[in-house]
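Shown here: coords.cif, mmCIF, C-alpha atoms.
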```
data_input
#
loop_
_atom_site.label_atom_id
_atom_site.label_comp_id
_atom_site.auth_asym_id
_atom_site.auth_seq_id
_atom_site.Cartn_x
_atom_site.Cartn_y
_atom_site.Cartn_z
CA MET I 22 25.48 -17.64 -8.95
CA LYS I 23 27.40 -15.70 -6.33
CA MET I 24 27.94 -12.01 -5.70
CA LYS I 25 31.59 -11.10 -6.15
CA SER I 26 31.77 -7.28 -5.89
CA VAL I 27 29.77 -4.30 -4.65
CA THR I 28 30.41 -0.75 -5.88
CA ILE I 29 28.94 2.09 -3.82
CA SER I 30 28.61 5.53 -5.43
CA LEU I 31 27.54 8.65 -3.54
CA ILE I 32 26.00 11.17 -5.94
CA ARG I 33 24.04 14.42 -5.77
CA LEU I 34 21.08 14.62 -8.13
CA PRO I 35 20.48 18.18 -9.40
CA MET I 36 16.93 19.55 -9.19
CA LYS I 37 15.15 21.73 -11.71
CA GLN I 38 14.12 24.06 -8.88
CA PRO I 39 14.20 24.02 -5.05
CA PHE I 40 11.58 21.76 -3.48
CA SER I 41 10.14 22.54 -0.04
CA VAL I 42 8.33 20.30 2.44
CA ALA I 43 7.40 20.93 6.07
CA TYR I 44 10.82 20.03 7.47
CA ASP I 45 13.34 21.11 4.79
CA THR I 46 14.06 22.67 1.40
CA TYR I 47 16.06 20.64 -1.11
CA PHE I 48 18.30 22.16 -3.77
CA ASP I 49 19.70 18.80 -4.83
CA MET I 50 19.23 15.27 -3.57
CA PRO I 51 22.00 13.07 -2.17
CA SER I 52 21.67 9.46 -3.28
CA ILE I 53 23.77 6.31 -3.11
CA ILE I 54 23.82 3.91 -6.05
CA VAL I 55 24.81 0.31 -5.36
CA LYS I 56 26.07 -1.95 -8.17
CA ILE I 57 26.38 -5.66 -7.40
CA GLU I 58 28.26 -7.88 -9.86
CA THR I 59 28.07 -11.67 -9.90
CA ASP I 60 30.45 -14.39 -10.97
CA GLN I 61 28.23 -14.92 -14.03
CA GLY I 62 28.85 -11.40 -15.30
CA ILE I 63 25.42 -9.99 -14.38
CA ALA I 64 25.17 -6.59 -12.68
CA GLY I 65 22.26 -5.40 -10.54
CA PHE I 66 21.59 -1.85 -9.38
CA GLY I 67 19.98 -0.47 -6.25
CA GLU I 68 19.61 2.92 -4.61
CA ALA I 69 19.53 4.45 -1.14
CA VAL I 70 18.03 7.90 -0.62
CA PRO I 71 18.47 8.55 3.10
CA ASP I 72 16.56 11.27 4.94
CA GLN I 73 17.66 12.18 8.45
CA HIS I 74 14.21 13.63 9.17
CA VAL I 75 12.49 10.31 8.47
CA THR I 76 14.84 7.40 9.17
CA GLY I 77 17.71 9.13 10.97
CA GLU I 78 20.15 8.32 8.16
CA THR I 79 22.39 10.74 6.29
CA ALA I 80 24.15 10.24 2.99
CA GLU I 81 27.50 9.99 4.77
CA SER I 82 26.33 7.52 7.41
CA THR I 83 24.58 5.37 4.80
CA PHE I 84 27.67 5.26 2.59
CA ALA I 85 29.75 4.16 5.56
CA ILE I 86 27.24 1.51 6.69
CA LEU I 87 27.12 0.07 3.18
CA ALA I 88 30.87 0.12 2.62
CA HIS I 89 32.02 -1.20 5.99
CA TYR I 90 29.18 -3.38 7.27
CA LEU I 91 26.54 -4.44 4.75
CA ALA I 92 28.33 -4.83 1.42
CA PRO I 93 30.98 -7.22 2.82
CA LEU I 94 28.16 -9.55 3.92
CA LEU I 95 27.12 -10.09 0.31
CA ILE I 96 30.37 -11.42 -1.09
CA GLY I 97 29.85 -15.10 -1.89
CA GLU I 98 26.10 -15.04 -1.24
CA HIS I 99 23.45 -15.94 -3.83
CA PRO I 100 21.34 -12.88 -4.75
CA PHE I 101 18.17 -15.02 -4.73
CA SER I 102 18.62 -15.72 -0.99
CA ILE I 103 16.74 -12.56 -0.14
CA GLU I 104 15.39 -13.70 3.24
CA LYS I 105 18.86 -14.77 4.35
CA ILE I 106 20.38 -11.52 3.07
CA HIS I 107 17.87 -9.43 5.03
CA ASP I 108 18.47 -11.54 8.12
CA LEU I 109 22.24 -11.05 7.82
CA MET I 110 21.79 -7.30 7.41
CA ASP I 111 19.41 -7.07 10.38
CA GLN I 112 21.76 -9.06 12.59
CA THR I 113 24.66 -6.81 11.61
CA VAL I 114 23.08 -3.34 11.71
CA TYR I 115 19.96 -2.11 13.50
CA GLY I 116 17.71 0.12 11.41
CA ASN I 117 19.34 1.92 8.47
CA PRO I 118 16.50 0.93 6.10
CA SER I 119 17.60 2.94 3.07
CA ALA I 120 21.02 1.24 3.10
CA LYS I 121 19.28 -2.15 3.20
CA ALA I 122 16.87 -1.05 0.48
CA ALA I 123 19.75 -0.34 -1.90
CA ILE I 124 21.02 -3.91 -1.53
CA ASP I 125 17.51 -5.38 -1.68
CA ILE I 126 16.70 -3.55 -4.93
CA ALA I 127 20.00 -4.58 -6.53
CA CYS I 128 19.30 -8.23 -5.64
CA TYR I 129 15.84 -8.06 -7.21
CA ASP I 130 17.36 -6.46 -10.32
CA LEU I 131 19.77 -9.40 -10.48
CA MET I 132 16.91 -11.89 -10.08
CA GLY I 133 15.00 -10.38 -12.97
CA LYS I 134 18.06 -10.32 -15.19
CA ALA I 135 18.96 -13.91 -14.33
CA PHE I 136 15.44 -15.08 -15.20
CA GLU I 137 15.27 -12.68 -18.17
CA GLN I 138 11.99 -11.29 -16.80
CA PRO I 139 10.85 -7.79 -15.86
CA LEU I 140 10.73 -7.41 -12.11
CA TYR I 141 6.95 -7.11 -11.95
CA ASN I 142 6.68 -10.70 -13.20
CA LEU I 143 8.60 -11.83 -10.10
CA LEU I 144 6.16 -9.91 -7.87
CA GLY I 145 2.89 -11.30 -9.18
CA GLY I 146 2.69 -10.08 -12.76
CA LYS I 147 1.33 -6.85 -14.17
CA TYR I 148 -1.97 -5.95 -12.48
CA TYR I 149 -1.99 -2.34 -13.70
CA PRO I 150 -1.06 -1.87 -17.37
CA VAL I 151 0.18 1.67 -16.73
CA LEU I 152 0.75 3.85 -13.67
CA ASP I 153 -0.92 7.22 -13.23
CA VAL I 154 1.58 9.56 -11.57
CA PRO I 155 0.46 12.64 -9.60
CA HIS I 156 2.01 16.07 -9.93
CA VAL I 157 3.62 17.06 -6.62
CA VAL I 158 3.50 20.72 -5.55
CA GLY I 159 5.99 21.83 -2.88
CA ILE I 160 5.25 24.47 -0.24
CA GLN I 161 5.04 27.96 -1.73
CA GLU I 162 2.75 30.95 -1.41
CA PRO I 163 -0.88 29.90 -2.00
CA GLU I 164 -1.22 31.69 -5.34
CA LYS I 165 2.00 30.14 -6.68
CA MET I 166 0.88 26.66 -5.63
CA ALA I 167 -2.48 27.25 -7.29
CA GLN I 168 -0.79 28.40 -10.50
CA GLU I 169 1.54 25.38 -10.61
CA ALA I 170 -1.37 23.04 -9.93
CA SER I 171 -3.45 24.63 -12.69
CA GLU I 172 -0.60 24.31 -15.19
CA ALA I 173 -0.14 20.64 -14.27
CA ILE I 174 -3.80 19.91 -15.01
CA LYS I 175 -3.45 21.64 -18.39
CA GLN I 176 -0.51 19.31 -19.08
CA GLY I 177 -2.75 16.29 -18.57
CA TYR I 178 -2.37 15.39 -14.88
CA SER I 179 -5.54 14.14 -13.19
CA SER I 180 -4.22 13.97 -9.62
CA LEU I 181 -2.26 16.35 -7.41
CA LYS I 182 -0.33 16.02 -4.18
CA ILE I 183 0.31 19.27 -2.38
CA LYS I 184 2.70 19.88 0.49
CA VAL I 185 1.60 21.81 3.57
CA GLY I 186 2.60 21.63 7.23
CA THR I 187 3.70 25.13 8.21
CA SER I 188 3.25 26.72 11.62
CA ASN I 189 0.59 29.09 10.27
CA SER I 190 -2.72 27.25 10.00
CA LYS I 191 -4.36 30.11 8.10
CA ASP I 192 -1.74 29.89 5.34
CA ASP I 193 -2.11 26.12 5.01
CA VAL I 194 -5.89 26.41 4.81
CA GLU I 195 -5.50 28.99 2.07
CA ARG I 196 -2.98 26.80 0.21
CA ILE I 197 -5.48 23.94 0.10
CA ARG I 198 -8.41 26.15 -0.83
CA ALA I 199 -6.44 28.05 -3.49
CA VAL I 200 -5.40 24.84 -5.22
CA ARG I 201 -8.92 23.40 -5.13
CA ARG I 202 -10.36 26.63 -6.58
CA ALA I 203 -7.75 26.65 -9.34
CA VAL I 204 -8.25 23.06 -10.53
CA GLY I 205 -11.96 22.49 -9.94
CA GLU I 206 -13.72 19.67 -8.14
CA SER I 207 -13.00 16.77 -10.52
CA VAL I 208 -9.23 16.65 -9.91
CA GLN I 209 -7.98 14.21 -7.28
CA LEU I 210 -6.34 16.22 -4.48
CA ARG I 211 -4.06 14.68 -1.84
CA VAL I 212 -2.61 16.76 1.01
CA ASP I 213 0.62 15.97 2.86
CA ALA I 214 1.56 17.74 6.10
CA ASN I 215 4.83 15.77 6.59
CA GLN I 216 4.42 15.93 10.41
CA GLY I 217 4.38 19.74 10.22
CA TRP I 218 1.21 20.30 12.22
CA LYS I 219 2.87 18.62 15.21
CA ASN I 220 -0.16 17.88 17.39
CA LYS I 221 -3.77 16.73 17.21
CA ALA I 222 -5.40 20.05 18.10
CA PHE I 223 -3.54 22.01 15.42
CA ALA I 224 -4.19 19.35 12.78
CA LEU I 225 -7.90 19.13 13.54
CA SER I 226 -8.27 22.92 13.42
CA VAL I 227 -6.93 22.90 9.84
CA LEU I 228 -8.85 19.83 8.71
CA LYS I 229 -12.16 21.19 10.00
CA GLN I 230 -11.74 24.22 7.75
CA VAL I 231 -11.04 22.21 4.60
CA GLU I 232 -13.48 19.31 4.94
CA ASP I 233 -15.48 20.72 2.02
CA CYS I 234 -12.45 20.65 -0.33
CA GLN I 235 -12.93 17.03 -1.46
CA ILE I 236 -9.52 15.86 -0.25
CA ASP I 237 -8.64 12.25 -1.13
CA TRP I 238 -6.60 11.91 2.04
CA ILE I 239 -4.54 13.82 4.60
CA GLU I 240 -1.06 12.36 4.99
CA GLN I 241 0.88 12.32 8.28
CA PRO I 242 -0.80 15.32 9.97
CA VAL I 243 1.07 14.78 13.28
CA LEU I 244 4.51 13.69 14.44
CA ALA I 245 5.59 10.24 13.32
CA ASP I 246 5.80 8.74 16.81
CA ASP I 247 2.33 9.89 17.88
CA ILE I 248 0.20 7.05 16.53
CA ALA I 249 -2.37 7.67 19.26
CA ALA I 250 -2.93 11.21 17.95
CA LEU I 251 -3.20 9.86 14.42
CA ALA I 252 -5.95 7.50 15.60
CA GLU I 253 -7.82 10.32 17.35
CA ILE I 254 -7.64 12.51 14.25
CA ARG I 255 -9.01 9.66 12.14
CA ASN I 256 -11.95 9.37 14.54
CA GLN I 257 -12.69 13.11 14.37
CA THR I 258 -12.42 13.98 10.69
CA SER I 259 -14.31 12.85 7.61
CA ILE I 260 -11.11 13.07 5.54
CA PRO I 261 -9.30 9.71 5.11
CA VAL I 262 -6.04 9.59 7.09
CA MET I 263 -2.77 8.19 5.79
CA ALA I 264 0.30 7.16 7.80
CA ASP I 265 3.66 7.93 6.19
CA GLU I 266 6.59 8.86 8.43
CA GLY I 267 4.77 7.05 11.23
CA LEU I 268 5.14 3.76 9.36
CA GLN I 269 8.52 2.21 8.74
CA GLY I 270 8.20 -1.52 9.28
CA ASN I 271 6.24 -4.32 10.91
CA LYS I 272 6.34 -2.84 14.42
CA GLU I 273 4.58 0.38 13.43
CA MET I 274 2.22 -1.50 11.13
CA ARG I 275 1.02 -3.67 14.02
CA GLU I 276 0.41 -0.57 16.14
CA ILE I 277 -1.44 1.29 13.38
CA VAL I 278 -3.71 -1.70 12.71
CA ALA I 279 -4.33 -2.38 16.40
CA MET I 280 -5.20 1.25 17.10
CA GLN I 281 -7.14 1.72 13.84
CA ALA I 282 -5.01 4.80 13.33
CA ALA I 283 -5.17 5.14 9.54
CA ASP I 284 -7.27 4.40 6.49
CA LEU I 285 -4.25 4.11 4.23
CA ILE I 286 -0.49 3.66 4.45
CA ASN I 287 2.35 5.13 2.44
CA ILE I 288 4.97 2.43 1.84
CA LYS I 289 8.39 3.71 0.88
CA LEU I 290 11.20 1.33 0.07
CA MET I 291 13.63 3.67 1.83
CA LYS I 292 11.63 3.48 5.07
CA CYS I 293 10.97 -0.25 5.24
CA GLY I 294 14.22 -1.60 3.77
CA GLY I 295 13.32 -2.55 0.20
CA ILE I 296 10.93 -4.61 -1.88
CA TYR I 297 10.98 -7.74 0.29
CA PRO I 298 9.84 -5.95 3.48
CA ALA I 299 7.40 -3.84 1.44
CA LEU I 300 5.64 -6.99 0.23
CA LYS I 301 4.99 -7.92 3.86
CA LEU I 302 3.45 -4.51 4.55
CA VAL I 303 1.19 -4.83 1.50
CA SER I 304 -0.05 -8.22 2.77
CA GLN I 305 -0.71 -6.85 6.25
CA ALA I 306 -2.58 -3.88 4.80
CA GLU I 307 -4.73 -6.22 2.71
CA MET I 308 -5.58 -8.26 5.81
CA ALA I 309 -6.54 -5.07 7.66
CA GLY I 310 -8.59 -3.67 4.78
CA MET I 311 -6.28 -0.68 4.32
CA GLY I 312 -5.28 0.87 1.02
CA CYS I 313 -1.61 1.30 0.12
CA ILE I 314 0.35 3.73 -1.98
CA ILE I 315 4.00 3.47 -2.97
CA GLY I 316 5.70 6.72 -2.07
CA SER I 317 9.09 8.18 -2.83
CA MET I 318 11.92 9.95 -1.04
CA ILE I 319 12.46 11.84 -4.33
CA GLU I 320 14.48 9.03 -5.84
CA SER I 321 16.33 8.66 -9.12
CA SER I 322 15.15 6.35 -11.88
CA VAL I 323 16.75 3.38 -10.07
CA ALA I 324 14.60 3.28 -6.92
CA THR I 325 11.68 4.83 -8.80
CA ALA I 326 11.70 1.88 -11.19
CA ALA I 327 11.78 -0.51 -8.23
CA GLY I 328 8.78 1.17 -6.60
CA ALA I 329 6.96 1.28 -9.94
CA HIS I 330 7.39 -2.46 -10.51
CA LEU I 331 5.92 -3.13 -7.07
CA ALA I 332 3.04 -0.70 -7.62
CA THR I 333 2.31 -2.31 -11.00
CA ALA I 334 2.07 -5.82 -9.56
CA LYS I 335 -0.21 -5.38 -6.53
CA LYS I 336 -3.96 -4.70 -6.56
CA GLN I 337 -3.83 -3.42 -2.97
CA ILE I 338 -1.57 -0.54 -4.06
CA ILE I 339 -4.15 1.97 -5.24
CA ALA I 340 -1.84 4.89 -6.03
CA ASN I 341 1.80 5.83 -6.36
CA GLU I 342 4.15 8.80 -6.21
CA MET I 343 6.74 7.71 -8.75
CA ALA I 344 7.47 11.29 -9.80
CA GLY I 345 11.04 11.72 -8.50
CA PRO I 346 12.81 11.68 -11.88
CA LEU I 347 10.51 14.45 -13.13
CA ILE I 348 11.97 16.79 -10.49
CA PHE I 349 15.62 16.29 -11.50
CA SER I 350 17.44 18.14 -14.25
CA SER I 351 19.77 15.16 -14.69
CA ASP I 352 19.10 11.46 -14.02
CA LEU I 353 20.87 8.13 -14.44
CA SER I 354 18.45 6.41 -16.81
CA PRO I 355 15.34 7.67 -18.63
CA LEU I 356 11.98 6.22 -17.64
CA ASP I 357 9.03 6.19 -20.03
CA TYR I 358 6.87 9.09 -18.82
CA ARG I 359 4.13 10.20 -21.19
CA GLY I 360 2.42 13.12 -19.53
CA SER I 361 1.07 11.79 -16.23
CA LYS I 362 1.50 8.14 -17.25
CA LEU I 363 4.50 5.94 -16.47
CA TYR I 364 5.01 2.91 -18.69
CA LEU I 365 7.33 0.19 -17.42
CA SER I 366 9.79 -1.53 -19.69
CA ASP I 367 9.39 -5.27 -20.30
CA ARG I 368 13.16 -5.66 -20.24
CA PRO I 369 14.68 -7.87 -17.51
CA GLY I 370 15.01 -6.69 -13.91
CA LEU I 371 14.38 -3.00 -13.31
CA GLY I 372 14.52 -2.41 -17.06
CA ILE I 373 17.02 0.44 -16.84
CA ASP I 374 20.54 1.17 -18.10
CA ILE I 375 22.77 3.38 -15.98
CA ASP I 376 24.38 6.19 -17.96
CA GLU I 377 27.95 5.99 -16.66
CA SER I 378 28.80 9.45 -18.03
CA VAL I 379 26.00 11.02 -15.97
CA LEU I 380 27.05 9.01 -12.92
CA LYS I 381 30.60 10.29 -13.27
CA GLU I 382 29.35 13.87 -13.66
CA ILE I 383 27.42 13.89 -10.38
CA LEU I 384 29.69 11.52 -8.44
CA VAL I 385 30.92 12.63 -5.01
CA ARG I 386 32.61 9.47 -3.76
CA GLN I 387 32.95 5.83 -4.76
CA GLU I 388 34.19 2.61 -3.17
CA THR I 389 34.28 -1.01 -4.36
CA ILE I 390 34.21 -4.06 -2.09
CA LEU I 391 35.71 -7.15 -3.71
CA LYS I 392 35.89 -10.84 -2.90
#
```
Exercise: express the given structure as C-alpha cells:
Amino acid sequence: MKMKSVTISLIRLPMKQPFSVAYDTYFDMPSIIVKIETDQGIAGFGEAVPDQHVTGETAESTFAILAHYLAPLLIGEHPFSIEKIHDLMDQTVYGNPSAKAAIDIACYDLMGKAFEQPLYNLLGGKYYPVLDVPHVVGIQEPEKMAQEASEAIKQGYSSLKIKVGTSNSKDDVERIRAVRRAVGESVQLRVDANQGWKNKAFALSVLKQVEDCQIDWIEQPVLADDIAALAEIRNQTSIPVMADEGLQGNKEMREIVAMQAADLINIKLMKCGGIYPALKLVSQAEMAGMGCIIGSMIESSVATAAGAHLATAKKQIIANEMAGPLIFSSDLSPLDYRGSKLYLSDRPGLGIDIDESVLKEILVRQETILK
C-alpha cells in the first residue's frame, strides 16, 4: 500500500456561541482537514487545529506547511511507516505540531481501515467502555458561569471544566466560588487558567482563596515557558497542578518530570504532533507516576475521534476533554454523544464518515497534492 494523493481543506467551523478563554474569544474555529488516498482505494482523514497562542501556528501557515512541505513527503510512502513518516516530517520542518498531527491521524485512520479494526484496537484495545465528557464553561461573568454550570448538571454532566485567567484575581475567585456554590460539592470541578495569571505570586494568591472549593486540579496557572514557577506553585498549594501549554513534546516532558513541576499533564494531539508522539508522552507519564488527560484545541469530530480512541485505550489517561463537537453548530461527522457520555464506533479506523456537503459549505480553500 502506498499513499498517492493528499487533499488539504481549510475550513471554518461555526460555533453555537462565542467561547472565551484567557487569551482570546472565538466566534468560529479555523481547521484544516487532510484526506490521504492510497493506491488501494482507501482514504484516511486527519485534522489540524492550529493555535498561534499555544504552538505559534496559524491556519494560513499550517495550510502552507502541509501543502508545500509535508504532504509531498507522503507520496509513495506506506501509511504504516509511522516512525519513518514522523522522522521525515521532523527533518523537513521544525515544530508545526498541528500540521504533523493532521498527517499522523490520517495515517492511523488508514491503518485501522486497512486492518478493518477500530483505531482503539491498534492502540491497546478498549480499556474504558465509554468516555465521560466534561461540560466546558468559557469565561463570563460569575453568575452566568454559575447558571451555565448548573444547567449542565441538570442535563446529566458529572464533571465541569471552567475557564478563568483574567487580570482581576477577585473576579476569578468569584467565578470559581460561584460555580461551586451552584453545583454543590459532589460535582467534579476542574479549573483552567490558560496561562492567564502570568506569574507565581498572582496564581498563588488566587489558589489560596479557593483551596476549600474541592478543585480536582488547576491547569496551567502560569506562562507556558515558566516550568520553574509551575514547580514552585505545586509545592505551595494543596490543589493538584496540571501542565498544558507548558507541555508540547519530549523536551518539556523531561523538564516537568525532572523538576517535579506537575501532578498531571494535558496531552493534546495538536501540541505534540499526533497519536504516535502522544503515546510516548503517556508512557513517560506512567513511568513518572503522573496522570494524563487528553485535551482538545476545540476540534471537529475528526481529531476528537482520534483523541477519543487514544483516551479509550490507555489506563493512564484518567480523563478527557472530547467536547469540541458539542460547541459547533455544524460539524463534519456526527459522534455518538448521549448526554455526558461519548460512545466510540466499532467501525474501522476513526469510525467516521465525512459529510462532503458540510465540508463544501464551510470550505475556505483546498489543494490536492498528487503523485
Find the nearest atom pair between each residue of region 35-85 of chain I and region 177-183 of chain I for residues within 12 Å, count all atoms listed in the file, give distances in Å to one decimal, sort rows by chain and ascending number, and present the table as CSV.
```
residue,atom,partner,partner_atom,distance
I:Phe40,CA,I:Ile183,CA,11.6
I:Ser41,CA,I:Ile183,CA,10.6
I:Val42,CA,I:Ile183,CA,9.4
I:Ala43,CA,I:Ile183,CA,11.2
```
> How would you write, as a PyMOL selection string, the residues chosen by the PyMOL selection byres ((chain I and resi 385) around 8) on this structure?
Replying inline: chain I and resi 30-33+383-384+386-387
> the PyMOL selection byres ((chain I and resi 54) around 6) on the file shown: which residues, as a VMD selection string?
Replying inline: chain I and resid 29 to 30 53 55 67 to 68
> When you draw a straight line from CA of Glu388 (chain I) to CA of Gln138 (chain I), how long is it in Å?
Replying inline: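 We find that CA of Glu388 (chain I) and CA of Gln138 (chain I) lie 29.5 Å from each other.
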> Where does the PyMOL selection byres ((chain I and resi 127) around 12) land in this file, that is, which residues does it pick, as a ChimeraX atom specification?
Replying inline: /I:24,27-29,54-59,63-69,92,95,100-101,103,106,120-126,128-134,140,295-297,323-324,326-327,370-371,373
> Leaving out Gln281 (chain I) and any residue of its chain fewer than 4 positions from it, which residues lie within 9 Å of it when counting all atoms listed in the file, given as a list of chain:residue names?
Replying inline: I:Ala252, I:Arg255, I:Glu276, I:Ile277
> CA of Tyr47 (chain I) to CA of Pro35 (chain I): how many Å, to one decimal?
Replying inline: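 Atom-to-atom, CA of Tyr47 (chain I) to CA of Pro35 (chain I), that is 9.7 Å.
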> How far is it from CA of Gln73 (chain I) to CA of Asn117 (chain I), in Å with one decimal?
Replying inline: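 Spanning CA of Gln73 (chain I) to CA of Asn117 (chain I) is a straight-line distance of 10.4 Å.
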>> Given only C-alpha atoms as the basis, pick out the residue of I:Glu240, I:Glu169, I:Asp246, I:Asp60 nearest to Ala135 (chain I).
In response: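 Checking each candidate against Ala135 (chain I), we get I:Asp60 as the closest.
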>> Please determine, counting all atoms listed in the file, which residue among I:Pro155, I:Pro163, I:Pro346, I:Pro93 has the shortest atom-to-atom distance to Glu320 (chain I).
In response: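 Closest residue, counting all atoms listed in the file: I:Pro346.
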>> Between I:Leu228, I:Ile339, I:Leu144, I:Val379, which residue has the minimum interatomic distance to Thr258 (chain I), considering only C-alpha atoms?
In response: I:Leu228
Enclose all atoms of region 364-380 of chain I listed in the file in an axis-aligned box, grow every side by 6 Å, and hand back centre and edge lengths in Å to one decimal, as JSON.
```
{"center_x": 16.9, "center_y": 1.6, "center_z": -16.6, "size_x": 35.8, "size_y": 30.9, "size_z": 19.4}
```
>> Neighbouring residues of region 260-270 of chain I were defined as those with any atom within 6 Å, considering all atoms listed in the file; residues of the same chain fewer than 2 positions away were excluded. Please report them as a list in words.
In response: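 Once the adjacent positions are removed, what remains is Trp238, Ile239, Glu240, Gln241, Ala245, Asp246, Arg255, Thr258, Lys272, Glu273, Ala283, Asp284, Leu285, Ile286, Asn287, Lys292 and Cys293 of chain I.
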> Of the residues I:Leu152, I:Ala282, I:Leu353, I:Met110, which is the one nearest to Pro242 (chain I), using all atoms listed in the file?
Replying inline: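 Of the candidates, the smallest distance to Pro242 (chain I) is held by I:Ala282.
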Neighbours of point (8.7, 2.2, -9.7) within 9 Å, using all atoms listed in the file, written as a tab-separated table (two decimals) with C-alpha atoms, in the coordinates of the input:
```
chain	number	residue	atom	x	y	z
I	315	ILE	CA	4.00	3.47	-2.97
I	322	SER	CA	15.15	6.35	-11.88
I	323	VAL	CA	16.75	3.38	-10.07
I	324	ALA	CA	14.60	3.28	-6.92
I	325	THR	CA	11.68	4.83	-8.80
I	326	ALA	CA	11.70	1.88	-11.19
I	327	ALA	CA	11.78	-0.51	-8.23
I	328	GLY	CA	8.78	1.17	-6.60
I	329	ALA	CA	6.96	1.28	-9.94
I	330	HIS	CA	7.39	-2.46	-10.51
I	331	LEU	CA	5.92	-3.13	-7.07
I	332	ALA	CA	3.04	-0.70	-7.62
I	333	THR	CA	2.31	-2.31	-11.00
I	341	ASN	CA	1.80	5.83	-6.36
I	342	GLU	CA	4.15	8.80	-6.21
I	343	MET	CA	6.74	7.71	-8.75
I	363	LEU	CA	4.50	5.94	-16.47
I	365	LEU	CA	7.33	0.19	-17.42
I	371	LEU	CA	14.38	-3.00	-13.31
```
> Leaving out Ala80 (chain I) and any residue of its chain fewer than 6 positions from it, which residues lie within 8 Å of it when counting only C-alpha atoms, given as an MDAnalysis selection string?
Replying inline: chainID I and resid 31 51:53 70:72
> Which one is closest to Lys184 (chain I): I:Asp153, I:Asp111, I:Glu98, I:Asp45? Count only C-alpha atoms.
Replying inline: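 Closest to Lys184 (chain I), using only C-alpha atoms: I:Asp45.
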Could you give me region 294-299 of chain I completed to all heavy atoms, formatted as a tab-separated table (two decimals), in the coordinates of the input?
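Contents of rebuild-v6.tsv, as written:
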```tsv
chain	number	residue	atom	x	y	z
I	294	GLY	N	13.04	-0.78	4.03
I	294	GLY	CA	14.22	-1.60	3.77
I	294	GLY	C	14.23	-2.32	2.44
I	294	GLY	O	15.05	-3.20	2.21
I	295	GLY	N	13.29	-1.96	1.53
I	295	GLY	CA	13.32	-2.55	0.20
I	295	GLY	C	12.04	-3.25	-0.19
I	295	GLY	O	11.02	-3.18	0.50
I	296	ILE	N	12.11	-3.96	-1.31
I	296	ILE	CA	10.93	-4.61	-1.88
I	296	ILE	C	10.45	-5.77	-1.00
I	296	ILE	O	9.24	-5.93	-0.78
I	296	ILE	CB	11.25	-5.12	-3.30
I	296	ILE	CG1	11.52	-3.93	-4.23
I	296	ILE	CG2	10.12	-5.98	-3.84
I	296	ILE	CD1	12.09	-4.31	-5.58
I	297	TYR	N	11.36	-6.57	-0.50
I	297	TYR	CA	10.98	-7.74	0.29
I	297	TYR	C	10.18	-7.35	1.54
I	297	TYR	O	9.09	-7.89	1.78
I	297	TYR	CB	12.22	-8.55	0.66
I	297	TYR	CG	11.94	-9.89	1.28
I	297	TYR	CD1	11.35	-10.91	0.55
I	297	TYR	CD2	12.28	-10.15	2.61
I	297	TYR	CE1	11.10	-12.15	1.12
I	297	TYR	CE2	12.04	-11.38	3.19
I	297	TYR	CZ	11.44	-12.38	2.45
I	297	TYR	OH	11.19	-13.61	3.01
I	298	PRO	N	10.65	-6.39	2.35
I	298	PRO	CA	9.84	-5.95	3.48
I	298	PRO	C	8.56	-5.25	3.05
I	298	PRO	O	7.53	-5.33	3.74
I	298	PRO	CB	10.76	-4.99	4.24
I	298	PRO	CG	12.14	-5.29	3.75
I	298	PRO	CD	11.98	-5.75	2.35
I	299	ALA	N	8.59	-4.54	1.92
I	299	ALA	CA	7.40	-3.84	1.44
I	299	ALA	C	6.29	-4.82	1.10
I	299	ALA	O	5.10	-4.54	1.35
I	299	ALA	CB	7.74	-2.99	0.22
```
